[in-house]
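Comments concern the structure below.
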Amino acid sequence: MDNTDKTLYTLLVYSENIAGILNQVAAVFTRRQVNIESINCSASSISGVHKYTITAWSNKDQIEKITKQIEKKVDVIKADYFTDDQLFIREVGLYKLSTPEVLNNPEISRAIRRADARMVEVNPTFCSVMLSGMTEDITTLYHTLDQYNCVLQYTRSGRVAITRSTEEQVTDFLDMQKQIENGEA
């Protein structure tokens with residue numbers, strides 16, 4: 001797909017931990033024919049609230065509509081979209097390499113060190129390397145290692161992200177909801 005006129009957006013979606021939410025969120029993208037590039041779901045810093053970090057190539061108008069549709073879902077607490085400059089982002093890449101190939105070619109170890117990756121396991125058959133960083137860093141290391149024909153397996157996580165804002169938007173939203181429930185607003 002040609003993404004020349006599109007931007008990679010990251011959606012942060014907060015919801016209660018209820019079965020079927022992920023399916024509902026994915027269906028919004030499907031209806032708009034927008035492919036999800038990556039998705040990561042985990043518990044958030046707020047008890048009982050899960051955070052979905054979703055990336056997709058889109059234009060601003062389309063991503064705004066997707067975000068509004070997601071936020072209308074009953075069990076979704078808050079949804080917002082961001083560009084990369086508004087977030088602190090990381091991914092993890094894991095590489096399983098042939099130990100004999102790594103031992104026979106010192107350039108492989110140099111490439112790992114230059115990328116600031118680290119060996120997390122070594123045995124006679126394979127060694128595992130981990131790199132935390134941006135997508136480009138992780139894929140660049142993969143392509144570099146692949147040139148040495150030493151890669152046995154490779155995987156990359158979905159993006160994890162936090163806003164660069166000093167305040168967590170979902171916290172403000174939940175505080176306002178509590179005030180409404182208690183008749184304070």
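Labels used: A, B, ... for chains in the order of the structure tokens, numbers from 1 for residues in each chain, and numbers from 1 for ligands as shown.
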
*With a distance cut-off of 12 Å and only C-alpha atoms, select the neighbouring residues of Asp146 of chain A, excluding the residue or stretch itself and same-chain residues fewer than 3 positions from it, and output the selection as a PyMOL selection string.*
chain A and resi 95-98+101-102+108+111+139-143+149-154

*asked:* Nearest residue to Arg159 of chain A out of A:Ile18, A:Ala79, A:Ala56, A:Val92, using only C-alpha atoms?
replied: A:Val92

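Counting only C-alpha atoms and comparing A:Glu64, A:Cys127, A:Tyr148, A:Gly93, the residue that lies closest to Asn105 of chain A is A:Tyr148.
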
*asked:* Counting only C-alpha atoms, which residue out of A:Ser44, A:Tyr9, A:Ile66, A:Thr166 sits closest to Phe29 of chain A?
replied: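 For Phe29 of chain A, the nearest of the given residues is A:Ile66.
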
*Looking at only C-alpha atoms, which of A:Thr55, A:Gln24, A:Thr99, A:Ser128 is the one that sits closest to Lys72 of chain A?*
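Nearest to Lys72 of chain A: A:Gln24.
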
*Do a neighbour search on Met119 of chain A at 10 Å with only C-alpha atoms, toss out local chain neighbours closer than 2 positions, and write the hits as an NGL selection string.*
:A and (94-96 or 109 or 112-113 or 117 or 121-122 or 127-131)

*asked:* DSSP on the backbone, strand (DSSP E or B) only: what residues of segment 116-171 of chain A does that give? Format it as a list in words.
replied: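 Of segment 116-171 of chain A, only Arg118, Met119, Val120, Glu121, Val122, Phe126, Cys127, Ser128, Val129, Met130, Leu131, Ser132, Gly133, Val151, Leu152, Gln153, Tyr154, Thr155, Arg156, Val160, Ala161, Ile162 and Thr163 of chain A fall in strand (DSSP E or B).
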
*Residues of chain A in helix (DSSP H, G or I), written as a ChimeraX atom specification*: /A:21-31,60-71,84-86,99-104,106-114,135-147,169-181

_Calculated over only C-alpha atoms, which of the candidates A:Asp116, A:Glu107, A:Ser15, A:Ala27 has the smallest distance to Asp75 of chain A?_
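With only C-alpha atoms as the atom set, the closest residue is A:Ser15.
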
*Taking into account only C-alpha atoms, which residue in the set A:Leu145, A:Thr135, A:Asn182, A:Asn23 is nearest to Asp84 of chain A?*
A:Thr135

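Near Ser38 of chain A, within 12 Å and counting only C-alpha atoms, sit Leu8, Tyr9, Thr10, Leu11, Ala26, Tyr52, Thr53, Ile54, Thr55, Ala56, Trp57, Glu91, Thr135, Arg156, Ser157, Gly158, Arg159, Val160 and Ala161 of chain A; same-chain residues fewer than 4 positions away were not included.
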
_Would you compute the distance between atom CA of Ala19 of chain A and atom CA of Ala43 of chain A? Give it in Å to one decimal._
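Pair atom CA of Ala19 of chain A / atom CA of Ala43 of chain A returns 13.8 Å.
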
Show me, as a PDB file with N, CA and C atoms, in the first residue's frame, the residues that have an atom within 7 Å of Arg164 of chain A when counting only C-alpha atoms, minus same-chain residues fewer than 3 positions from it.
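Final output, around_38.pdb:
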```pdb
ATOM      1  N   GLN A  86       4.308  13.671  19.439  1.00  0.00           N
ATOM      2  CA  GLN A  86       3.538  13.910  20.660  1.00  0.00           C
ATOM      3  C   GLN A  86       3.708  12.784  21.683  1.00  0.00           C
ATOM      4  N   LEU A  87       4.495  11.771  21.334  1.00  0.00           N
ATOM      5  CA  LEU A  87       4.603  10.576  22.173  1.00  0.00           C
ATOM      6  C   LEU A  87       6.052  10.193  22.435  1.00  0.00           C
ATOM      7  N   PHE A  88       6.253   9.468  23.527  1.00  0.00           N
ATOM      8  CA  PHE A  88       7.507   8.761  23.759  1.00  0.00           C
ATOM      9  C   PHE A  88       7.204   7.311  23.404  1.00  0.00           C
TER      10      PHE A  88
END
```

*So how far away is atom CA of His50 of chain A from atom CA of Val13 of chain A, in Å?*
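Taking atom CA of Val13 of chain A and atom CA of His50 of chain A, their separation equals 8.1 Å.
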